[in-house]
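K.L.:
Next comes the structure file final27.csv, holding CSV, C-alpha atoms.
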chain,number,residue,atom,x,y,z
A,1161,MET,CA,30.1,-7.5,14.4
A,1162,VAL,CA,28.1,-4.4,13.5
A,1163,GLU,CA,27.6,-3.5,9.8
A,1164,ILE,CA,27.7,0.1,8.6
A,1165,THR,CA,25.5,1.3,5.7
A,1166,SER,CA,26.1,4.6,4.0
A,1167,THR,CA,23.7,6.5,1.7
A,1168,ILE,CA,23.4,8.3,-1.6
A,1169,HIS,CA,20.1,10.1,-2.1
A,1170,ILE,CA,19.5,10.1,-5.9
A,1171,SER,CA,16.5,12.5,-6.2
A,1172,ASN,CA,14.0,14.1,-3.9
A,1173,TYR,CA,11.4,14.4,-6.7
A,1174,CYS,CA,8.2,12.6,-5.7
A,1175,SER,CA,5.3,12.0,-8.0
A,1176,PHE,CA,2.7,12.0,-5.1
A,1177,LYS,CA,0.5,15.1,-5.2
A,1178,ARG,CA,-0.3,14.7,-1.5
A,1179,LYS,CA,3.0,14.1,0.3
A,1180,CYS,CA,3.3,11.8,3.3
A,1181,ALA,CA,2.4,13.6,6.5
A,1182,TYR,CA,5.9,13.1,8.1
A,1183,CYS,CA,8.1,13.3,5.1
A,1184,GLY,CA,10.9,15.9,5.1
A,1185,PHE,CA,12.7,14.3,2.2
A,1186,ALA,CA,10.5,15.1,-0.9
A,1187,VAL,CA,10.8,18.5,-2.7
A,1188,GLY,CA,9.0,21.3,-1.0
A,1189,THR,CA,8.2,19.5,2.3
A,1190,SER,CA,10.6,20.9,4.8
A,1191,VAL,CA,13.2,23.7,5.0
A,1192,GLU,CA,15.3,21.3,7.1
A,1193,GLY,CA,15.4,18.7,4.3
A,1194,TYR,CA,15.9,18.8,0.6
A,1195,PHE,CA,13.5,21.7,0.0
A,1196,TYR,CA,14.5,22.4,-3.5
A,1197,LEU,CA,14.5,19.8,-6.3
A,1198,THR,CA,17.7,17.9,-6.5
A,1199,SER,CA,18.9,15.1,-8.6
A,1200,LYS,CA,22.4,13.6,-8.5
A,1201,LYS,CA,24.4,13.5,-11.7
A,1202,ARG,CA,26.4,10.5,-12.9
A,1203,GLU,CA,29.8,11.9,-11.8
A,1204,GLU,CA,28.4,12.9,-8.4
A,1205,ILE,CA,27.1,9.4,-7.8
A,1206,LYS,CA,30.4,7.8,-8.9
A,1207,ARG,CA,32.4,10.2,-6.7
A,1208,ALA,CA,30.3,9.6,-3.6
A,1209,ALA,CA,30.4,5.8,-4.1
A,1210,LEU,CA,34.1,5.7,-4.4
A,1211,PHE,CA,34.5,8.0,-1.4
A,1212,ILE,CA,32.3,5.7,0.7
A,1213,GLU,CA,34.3,2.6,-0.4
A,1214,ARG,CA,37.7,4.2,0.2
A,1215,ASN,CA,36.6,5.0,3.7
A,1216,GLY,CA,36.0,1.3,4.5
A,1217,ILE,CA,32.2,1.1,4.3
A,1218,LYS,CA,31.0,-1.9,2.3
A,1219,ARG,CA,27.3,-1.2,1.7
A,1220,VAL,CA,25.3,1.8,0.4
A,1221,SER,CA,21.7,2.6,0.2
A,1222,LEU,CA,20.5,4.3,-3.0
A,1223,SER,CA,17.2,6.1,-2.3
A,1224,ALA,CA,14.7,8.3,-4.1
A,1225,GLY,CA,11.0,9.3,-4.1
A,1226,TYR,CA,8.3,7.8,-6.3
A,1227,GLY,CA,8.8,8.4,-10.1
A,1228,ASN,CA,12.6,8.0,-10.1
A,1229,PHE,CA,13.0,4.3,-11.1
A,1230,GLN,CA,15.2,4.9,-14.2
A,1231,LYS,CA,17.5,7.3,-12.2
A,1232,VAL,CA,17.9,4.7,-9.5
A,1233,LEU,CA,18.5,1.9,-11.9
A,1234,SER,CA,21.2,4.0,-13.6
A,1235,ALA,CA,22.7,4.9,-10.2
A,1236,LEU,CA,22.9,1.2,-9.3
A,1237,GLU,CA,24.7,0.5,-12.6
A,1238,ILE,CA,27.2,3.3,-11.8
A,1239,VAL,CA,28.0,2.0,-8.3
A,1240,LYS,CA,28.3,-1.6,-9.5
A,1241,GLU,CA,30.6,-0.6,-12.4
A,1242,ASN,CA,32.9,1.4,-10.3
A,1243,THR,CA,33.0,-0.2,-6.8
A,1244,SER,CA,32.5,-3.5,-5.0
A,1245,LEU,CA,29.9,-2.0,-2.7
A,1246,ARG,CA,26.8,-4.0,-1.8
A,1247,VAL,CA,23.7,-1.9,-2.7
A,1248,LEU,CA,20.3,-1.5,-1.2
A,1249,ILE,CA,17.7,0.2,-3.3
A,1250,ASN,CA,14.9,2.1,-1.6
A,1251,ILE,CA,12.2,3.7,-3.8
A,1252,GLY,CA,9.3,2.5,-1.7
A,1253,GLY,CA,6.5,0.8,-3.5
A,1254,ASP,CA,7.4,2.2,-6.9
A,1255,LEU,CA,8.2,-1.2,-8.2
A,1256,ASP,CA,6.7,-4.2,-10.0
A,1257,THR,CA,8.0,-7.6,-11.1
A,1258,GLU,CA,9.6,-6.2,-14.3
A,1259,LYS,CA,11.4,-3.4,-12.5
A,1260,ILE,CA,12.6,-5.8,-9.8
A,1261,LYS,CA,14.0,-8.1,-12.6
A,1262,LEU,CA,15.9,-5.1,-14.0
A,1263,LEU,CA,17.4,-4.3,-10.6
A,1264,LYS,CA,18.3,-7.9,-10.1
A,1265,GLY,CA,20.0,-8.0,-13.5
A,1266,ALA,CA,22.0,-4.9,-12.6
A,1267,GLY,CA,23.3,-6.6,-9.5
A,1268,VAL,CA,21.1,-5.2,-6.7
A,1269,ASP,CA,21.9,-6.9,-3.3
A,1270,THR,CA,18.8,-5.8,-1.3
A,1271,ILE,CA,15.5,-4.1,-2.2
A,1272,CYS,CA,13.8,-2.1,0.5
A,1273,CYS,CA,10.0,-1.7,0.6
A,1274,ASN,CA,9.0,-0.3,4.0
A,1275,LEU,CA,5.4,-0.8,5.1
A,1276,GLU,CA,6.0,1.5,8.0
A,1277,THR,CA,2.6,0.6,9.5
A,1278,MET,CA,0.1,-2.2,8.8
A,1279,ASN,CA,-2.9,-0.3,10.2
A,1280,PRO,CA,-4.8,0.5,7.0
A,1281,ARG,CA,-6.5,3.6,8.4
A,1282,LEU,CA,-3.4,5.0,9.9
A,1283,PHE,CA,-1.4,4.3,6.7
A,1284,LYS,CA,-4.0,6.1,4.5
A,1285,LYS,CA,-4.1,9.1,7.0
A,1286,LEU,CA,-0.3,9.4,6.9
A,1287,LYS,CA,0.3,8.4,3.3
A,1288,PRO,CA,-2.8,9.5,1.4
A,1289,ASP,CA,-1.4,8.9,-2.1
A,1290,ASP,CA,0.4,5.6,-1.3
A,1291,SER,CA,-1.1,2.1,-1.0
A,1292,LEU,CA,-0.4,-0.4,1.7
A,1293,GLU,CA,-1.7,-3.2,-0.5
A,1294,LYS,CA,0.7,-2.2,-3.3
A,1295,ARG,CA,3.7,-2.1,-0.9
A,1296,MET,CA,2.7,-5.5,0.5
A,1297,LYS,CA,2.5,-6.9,-3.1
A,1298,VAL,CA,6.0,-5.5,-3.9
A,1299,CYS,CA,7.4,-7.3,-0.8
A,1300,TYR,CA,6.0,-10.6,-2.1
A,1301,GLN,CA,7.4,-9.8,-5.6
A,1302,VAL,CA,10.9,-9.1,-4.3
A,1303,LYS,CA,10.8,-12.5,-2.4
A,1304,GLU,CA,9.5,-14.3,-5.6
A,1305,GLN,CA,12.5,-13.0,-7.5
A,1306,GLY,CA,15.0,-14.3,-5.0
A,1307,VAL,CA,16.3,-10.8,-4.0
A,1308,GLU,CA,17.1,-10.0,-0.3
A,1309,LEU,CA,14.1,-8.0,1.1
A,1310,SER,CA,14.3,-5.2,3.6
A,1311,SER,CA,11.1,-3.9,5.1
A,1312,GLY,CA,10.9,-1.5,8.0
A,1313,ILE,CA,8.6,-0.6,10.8
A,1314,LEU,CA,8.1,3.1,11.7
A,1315,VAL,CA,7.2,3.4,15.4
A,1316,GLY,CA,5.7,6.4,17.3
A,1317,ILE,CA,3.3,7.5,14.6
A,1318,GLY,CA,0.1,6.7,16.4
A,1319,GLU,CA,0.1,3.0,15.9
A,1320,SER,CA,-1.1,0.6,18.7
A,1321,GLU,CA,0.7,-2.2,20.4
A,1322,GLU,CA,-1.6,-4.6,18.4
A,1323,ASP,CA,-0.5,-2.9,15.2
A,1324,ARG,CA,3.1,-3.5,16.0
A,1325,GLU,CA,2.5,-7.1,16.9
A,1326,LYS,CA,0.6,-7.7,13.6
A,1327,HIS,CA,3.4,-6.0,11.7
A,1328,ILE,CA,6.1,-8.2,13.2
A,1329,GLU,CA,4.1,-11.3,12.6
A,1330,PHE,CA,3.6,-10.4,8.9
A,1331,LEU,CA,7.4,-9.9,8.5
A,1332,LYS,CA,8.0,-13.2,10.2
A,1333,GLU,CA,5.7,-15.0,7.8
A,1334,LEU,CA,7.2,-13.2,4.9
A,1335,GLU,CA,10.7,-14.4,6.0
A,1336,VAL,CA,12.1,-11.0,5.5
A,1337,GLU,CA,16.0,-10.7,5.6
A,1338,GLU,CA,16.3,-7.2,6.9
A,1339,VAL,CA,14.1,-5.1,9.2
A,1340,PRO,CA,14.9,-1.4,9.8
A,1341,VAL,CA,13.3,-0.2,13.0
A,1342,MET,CA,12.7,3.5,12.6
A,1343,GLY,CA,11.6,5.8,15.3
A,1344,PHE,CA,9.5,8.8,14.2
A,1345,ARG,CA,11.1,12.2,14.5
A,1346,PRO,CA,9.2,15.3,13.3
A,1347,TYR,CA,10.5,17.4,10.4
A,1348,LYS,CA,9.8,21.1,10.4
A,1349,ASN,CA,7.0,22.4,8.1
A,1350,THR,CA,5.4,18.9,7.8
A,1351,PRO,CA,1.9,18.2,9.1
A,1352,MET,CA,3.4,16.2,11.9
A,1353,GLU,CA,6.0,18.7,13.0
A,1354,LYS,CA,4.4,19.2,16.4
A,1355,ASN,CA,4.0,15.4,17.1
A,1356,PRO,CA,6.5,14.1,19.8
A,1357,PRO,CA,9.4,11.9,18.6
A,1358,ALA,CA,9.3,8.2,19.3
A,1359,SER,CA,10.8,7.4,22.7
A,1360,LEU,CA,14.0,5.4,22.8
A,1361,SER,CA,12.4,2.9,25.0
A,1362,LEU,CA,9.8,2.1,22.4
A,1363,GLN,CA,12.4,1.7,19.7
A,1364,LEU,CA,14.4,-0.6,21.8
A,1365,ASP,CA,11.4,-2.7,22.7
A,1366,VAL,CA,10.5,-3.2,19.0
A,1367,ILE,CA,14.1,-4.0,18.2
A,1368,LYS,CA,14.1,-6.7,20.9
A,1369,ARG,CA,10.9,-8.2,19.6
A,1370,VAL,CA,12.0,-8.2,16.0
A,1371,LYS,CA,15.2,-10.0,17.0
A,1372,GLU,CA,13.3,-12.5,19.1
A,1373,HIS,CA,10.5,-13.3,16.6
A,1374,ILE,CA,11.9,-13.1,13.1
A,1375,ASN,CA,14.2,-16.1,12.5
A,1376,SER,CA,15.0,-15.2,8.8
A,1377,LEU,CA,16.8,-12.0,9.8
A,1378,ARG,CA,20.3,-11.4,8.3
A,1379,ARG,CA,20.3,-7.8,9.4
A,1380,LEU,CA,18.4,-5.7,12.0
A,1381,THR,CA,18.9,-2.1,11.0
A,1382,VAL,CA,18.7,1.2,12.9
A,1383,PRO,CA,18.9,4.4,10.8
A,1384,PHE,CA,21.1,6.9,12.6
A,1385,PRO,CA,18.7,9.8,12.0
A,1386,THR,CA,16.0,8.1,14.1
A,1387,ILE,CA,18.1,6.6,16.8
A,1388,LEU,CA,20.8,9.3,17.1
A,1389,MET,CA,24.1,9.0,19.0
A,1390,GLU,CA,22.6,8.4,22.4
A,1391,GLY,CA,20.6,5.5,21.1
A,1392,LEU,CA,23.3,3.7,19.3
A,1393,ILE,CA,24.8,1.5,22.0
A,1394,PRO,CA,21.4,0.7,23.6
A,1395,ALA,CA,20.1,-0.3,20.1
A,1396,ILE,CA,23.0,-2.6,19.5
A,1397,ARG,CA,22.7,-4.1,22.9
A,1398,ALA,CA,19.0,-4.7,22.1
A,1399,GLY,CA,19.9,-6.6,18.9
A,1400,ALA,CA,20.6,-4.1,16.1
A,1401,THR,CA,23.3,-5.3,13.7
A,1402,ASN,CA,23.4,-2.5,11.2
A,1403,ILE,CA,23.7,1.3,11.5
A,1404,ALA,CA,22.4,3.0,8.4
A,1405,THR,CA,22.6,6.6,7.0
A,1406,VAL,CA,26.3,6.9,8.0
A,1407,ILE,CA,28.7,9.0,5.9
A,1408,PRO,CA,32.5,9.5,6.2
A,1409,ALA,CA,33.8,12.9,7.2
A,1410,GLY,CA,34.3,15.0,4.0
A,1411,TYR,CA,31.5,13.3,2.1
A,1412,PRO,CA,31.4,15.1,-1.2
A,1413,LEU,CA,27.6,15.7,-1.4
A,1414,VAL,CA,25.0,17.5,0.6
A,1415,VAL,CA,23.1,14.9,2.5
A,1416,LYS,CA,20.1,15.0,4.9
A,1417,GLY,CA,18.7,12.2,7.0
A,1418,VAL,CA,15.4,10.8,5.9
A,1419,GLY,CA,14.0,10.5,9.4
A,1420,SER,CA,15.5,13.8,10.7
A,1421,PRO,CA,18.0,16.3,9.2
A,1422,VAL,CA,21.0,14.8,10.9
A,1423,VAL,CA,23.1,11.9,9.6
A,1424,GLY,CA,25.7,9.7,11.3
A,1425,VAL,CA,29.4,10.6,10.8
A,1426,LEU,CA,31.6,7.6,10.6
A,1427,GLU,CA,34.6,9.1,12.4
A,1428,GLU,CA,32.3,10.0,15.3
A,1429,ILE,CA,30.5,6.7,15.5
A,1430,LEU,CA,33.6,4.4,15.3
A,1431,PRO,CA,35.3,5.6,18.5
A,1432,LEU,CA,32.0,5.2,20.5
A,1433,LEU,CA,31.6,1.7,19.3
A,1434,GLU,CA,35.3,0.9,20.0
A,1435,LYS,CA,34.9,2.3,23.5
A,1436,HIS,CA,32.2,-0.2,24.2
A,1437,GLY,CA,34.1,-3.1,22.6
A,1438,ILE,CA,31.9,-3.3,19.5
A,1439,LYS,CA,33.6,-4.3,16.3
A,1440,THR,CA,32.4,-3.2,12.8
A,1441,ASN,CA,33.0,-4.4,9.3
A,1442,VAL,CA,34.6,-1.1,8.3
A,1443,GLU,CA,38.0,-1.5,6.7
A,1444,LYS,CA,39.7,1.7,5.6
A,1445,LYS,CA,41.7,1.5,2.4
A,1446,PRO,CA,45.1,3.1,1.7
A,1447,LEU,CA,44.9,6.7,0.3
A,1448,SER,CA,46.7,5.4,-2.8
A,1449,VAL,CA,43.7,3.2,-3.8
Go through the file and emit its structure as structure tokens.

P.N.:
Amino acid sequence: MVEITSTIHISNYCSFKRKCAYCGFAVGTSVEGYFYLTSKKREEIKRAALFIERNGIKRVSLSAGYGNFQKVLSALEIVKENTSLRVLINIGGDLDTEKIKLLKGAGVDTICCNLETMNPRLFKKLKPDDSLEKRMKVCYQVKEQGVELSSGILVGIGESEEDREKHIEFLKELEVEEVPVMGFRPYKNTPMEKNPPASLSLQLDVIKRVKEHINSLRRLTVPFPTILMEGLIPAIRAGATNIATVIPAGYPLVVKGVGSPVVGVLEEILPLLEKHGIKTNVEKKPLSV
């Protein structure tokens, strides 16, 4: 059974002065992304969440850049008040114990804090205003509060085989519940726009190794923008159990993929999975609901 996770991007504001080298999500980073400042209003969040639920998806990711905690907390409350969706929050390392407690109190199901790479020099090169140590600390704090932790690996960004092995070992010791395996794809206008995308074979290899080595896994995630349609079935065969960044046709908001401008469309993905005998947890609701 494959899970589908949809998305609502709350705000592309980012408090970092020096943006991450590959980011096309934050304001002003890429003409293919959310180039202009955008922040979702209460009614927009509610409408999107209800639309996702009515189309049978049971889980949604609420994401934003650094400096948006109160907006994301408010969005979580809106989704929980109006739907039965399970909610993942992703605002990177912009968290501490008190913020995690607030999210827990509001009913968050999963908190995502991607390390992306555990090579300190590479991390600082790609994310000059971020902190690997801070993100690692947040991961521990999420676990200490008894909240399901998601922490992803970004592959194809110049990391070595040893870096990937070290990363998987850390996540194993952390007993992480969800690991997104994200293949790098260049966003136009970013410092890494001319870097080649991660190969599908590399992504599949990391998926297989995560599945093999991390016994605590409840969910092995591939974001559609980084795996794309041609990689979906191979990724699932390799061990992926969750497809993220998927929206139903007619989704009421403008949405861009974080890893690349494209997003998955539910009505295009489901027939492909059905063709290959792969079942999902999607349950469409009657139009009267």

K.L.:
Need the neighbours of (7.5, -3.7, 19.0): which residues are at most 9 Å away, counting all atoms listed in the file, as a list in words?

P.N.:
Ile1313, Val1315, Glu1321, Asp1323, Arg1324, Glu1325, His1327, Ile1328, Leu1362, Gln1363, Leu1364, Asp1365, Val1366, Ile1367, Lys1368, Arg1369 and Val1370 of chain A

K.L.:
When you count only C-alpha atoms, which of these residues is closest to Asn1250 of chain A: A:Leu1263, A:Ile1164, A:Ala1398, A:Cys1272?

P.N.:
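With only C-alpha atoms as the atom set, the closest residue is A:Cys1272.
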
K.L.:
Near segment 1334-1336 of chain A, counting all atoms listed in the file, which residues have an atom at most 10 Å away, once you skip same-chain residues fewer than 5 positions from it, shown as a PyMOL selection string?

P.N.:
chain A and resi 1296+1299-1300+1303+1308-1312+1328-1329+1374-1379

K.L.:
Would you mind reading off the distance between atom CA of Pro1280 of chain A and atom CA of Gly1318 of chain A, one decimal, in Å?

P.N.:
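Atom-to-atom, atom CA of Pro1280 of chain A to atom CA of Gly1318 of chain A, that is 12.3 Å.
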
K.L.:
I'd like the contact shell of segment 1173-1186 of chain A - 7 Å cut-off, only C-alpha atoms, skipping same-chain residues fewer than 2 positions apart - returned as an NGL selection string.

P.N.:
:A and (1171 or 1188-1190 or 1193-1194 or 1197 or 1225-1227 or 1286-1289 or 1346-1347 or 1350-1352 or 1418)

K.L.:
Considering only C-alpha atoms, can you say which of A:Lys1439, A:Lys1294, A:Thr1165, A:Lys1326 comes closest to Thr1381 of chain A?

P.N.:
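Distance minimum relative to Thr1381 of chain A lands on A:Thr1165.
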
K.L.:
Expressed in Å to a single decimal, how great is the separation between atom CA of Val1298 of chain A and atom CA of Gly1265 of chain A?

P.N.:
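According to the coordinates, atom CA of Val1298 of chain A and atom CA of Gly1265 of chain A are separated by 17.2 Å.
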
K.L.:
Excluding segment 1260-1262 of chain A and its own-chain neighbours fewer than 5 positions away, which residues fall within 12 Å of it when counting all atoms listed in the file? Please give them as a PyMOL selection string.

P.N.:
chain A and resi 1229-1230+1232-1234+1236-1237+1249-1251+1253-1255+1267-1273+1298-1309

K.L.:
Restricting the calculation to only C-alpha atoms, which member of A:Pro1408, A:Lys1435, A:Pro1383, A:Ser1420 is positioned closest to Arg1345 of chain A?

P.N.:
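Looking at the shortest contact to Arg1345 of chain A, the residue is A:Ser1420.
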
K.L.:
Could you please determine the separation between atom CA of Val1422 of chain A and atom CA of Lys1371 of chain A in Å, to one decimal place?

P.N.:
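One can read the atom CA of Val1422 of chain A to atom CA of Lys1371 of chain A distance as 26.2 Å.
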
K.L.:
For segment 1361-1381 of chain A, supply N, CA and C atoms and report the output as a PDB file, keeping the file's coordinate frame.

P.N.:
ATOM      1  N   SER A1361      12.869   4.115  24.440  1.00  0.00           N
ATOM      2  CA  SER A1361      12.400   2.900  25.000  1.00  0.00           C
ATOM      3  C   SER A1361      11.494   2.096  24.099  1.00  0.00           C
ATOM      4  N   LEU A1362      10.639   2.800  23.354  1.00  0.00           N
ATOM      5  CA  LEU A1362       9.800   2.100  22.400  1.00  0.00           C
ATOM      6  C   LEU A1362      10.574   1.524  21.262  1.00  0.00           C
ATOM      7  N   GLN A1363      11.535   2.262  20.753  1.00  0.00           N
ATOM      8  CA  GLN A1363      12.400   1.700  19.700  1.00  0.00           C
ATOM      9  C   GLN A1363      13.132   0.495  20.125  1.00  0.00           C
ATOM     10  N   LEU A1364      13.670   0.546  21.328  1.00  0.00           N
ATOM     11  CA  LEU A1364      14.400  -0.600  21.800  1.00  0.00           C
ATOM     12  C   LEU A1364      13.529  -1.808  22.034  1.00  0.00           C
ATOM     13  N   ASP A1365      12.314  -1.578  22.494  1.00  0.00           N
ATOM     14  CA  ASP A1365      11.400  -2.700  22.700  1.00  0.00           C
ATOM     15  C   ASP A1365      11.056  -3.362  21.367  1.00  0.00           C
ATOM     16  N   VAL A1366      10.832  -2.573  20.306  1.00  0.00           N
ATOM     17  CA  VAL A1366      10.500  -3.200  19.000  1.00  0.00           C
ATOM     18  C   VAL A1366      11.736  -3.883  18.432  1.00  0.00           C
ATOM     19  N   ILE A1367      12.922  -3.320  18.614  1.00  0.00           N
ATOM     20  CA  ILE A1367      14.100  -4.000  18.200  1.00  0.00           C
ATOM     21  C   ILE A1367      14.255  -5.371  18.824  1.00  0.00           C
ATOM     22  N   LYS A1368      14.041  -5.426  20.125  1.00  0.00           N
ATOM     23  CA  LYS A1368      14.100  -6.700  20.900  1.00  0.00           C
ATOM     24  C   LYS A1368      13.131  -7.707  20.338  1.00  0.00           C
ATOM     25  N   ARG A1369      11.911  -7.251  20.070  1.00  0.00           N
ATOM     26  CA  ARG A1369      10.900  -8.200  19.600  1.00  0.00           C
ATOM     27  C   ARG A1369      11.105  -8.658  18.187  1.00  0.00           C
ATOM     28  N   VAL A1370      11.611  -7.765  17.336  1.00  0.00           N
ATOM     29  CA  VAL A1370      12.000  -8.200  16.000  1.00  0.00           C
ATOM     30  C   VAL A1370      13.045  -9.259  16.021  1.00  0.00           C
ATOM     31  N   LYS A1371      14.071  -9.014  16.838  1.00  0.00           N
ATOM     32  CA  LYS A1371      15.200 -10.000  17.000  1.00  0.00           C
ATOM     33  C   LYS A1371      14.655 -11.329  17.494  1.00  0.00           C
ATOM     34  N   GLU A1372      13.755 -11.276  18.437  1.00  0.00           N
ATOM     35  CA  GLU A1372      13.300 -12.500  19.100  1.00  0.00           C
ATOM     36  C   GLU A1372      12.347 -13.307  18.158  1.00  0.00           C
ATOM     37  N   HIS A1373      11.555 -12.647  17.315  1.00  0.00           N
ATOM     38  CA  HIS A1373      10.500 -13.300  16.600  1.00  0.00           C
ATOM     39  C   HIS A1373      10.786 -13.649  15.135  1.00  0.00           C
ATOM     40  N   ILE A1374      11.712 -12.914  14.502  1.00  0.00           N
ATOM     41  CA  ILE A1374      11.900 -13.100  13.100  1.00  0.00           C
ATOM     42  C   ILE A1374      13.219 -13.902  12.848  1.00  0.00           C
ATOM     43  N   ASN A1375      13.074 -15.190  12.597  1.00  0.00           N
ATOM     44  CA  ASN A1375      14.200 -16.100  12.500  1.00  0.00           C
ATOM     45  C   ASN A1375      14.991 -15.916  11.172  1.00  0.00           C
ATOM     46  N   SER A1376      14.341 -15.349  10.155  1.00  0.00           N
ATOM     47  CA  SER A1376      15.000 -15.200   8.800  1.00  0.00           C
ATOM     48  C   SER A1376      15.926 -14.030   8.748  1.00  0.00           C
ATOM     49  N   LEU A1377      16.015 -13.237   9.799  1.00  0.00           N
ATOM     50  CA  LEU A1377      16.800 -12.000   9.800  1.00  0.00           C
ATOM     51  C   LEU A1377      18.288 -12.239   9.485  1.00  0.00           C
ATOM     52  N   ARG A1378      18.807 -11.494   8.548  1.00  0.00           N
ATOM     53  CA  ARG A1378      20.300 -11.400   8.300  1.00  0.00           C
ATOM     54  C   ARG A1378      20.793 -10.079   8.871  1.00  0.00           C
ATOM     55  N   ARG A1379      19.875  -9.108   9.020  1.00  0.00           N
ATOM     56  CA  ARG A1379      20.300  -7.800   9.400  1.00  0.00           C
ATOM     57  C   ARG A1379      19.144  -7.048  10.081  1.00  0.00           C
ATOM     58  N   LEU A1380      19.432  -6.478  11.248  1.00  0.00           N
ATOM     59  CA  LEU A1380      18.400  -5.700  12.000  1.00  0.00           C
ATOM     60  C   LEU A1380      18.999  -4.263  12.039  1.00  0.00           C
ATOM     61  N   THR A1381      18.321  -3.377  11.345  1.00  0.00           N
ATOM     62  CA  THR A1381      18.900  -2.100  11.000  1.00  0.00           C
ATOM     63  C   THR A1381      18.266  -0.945  11.892  1.00  0.00           C
TER      64      THR A1381
END
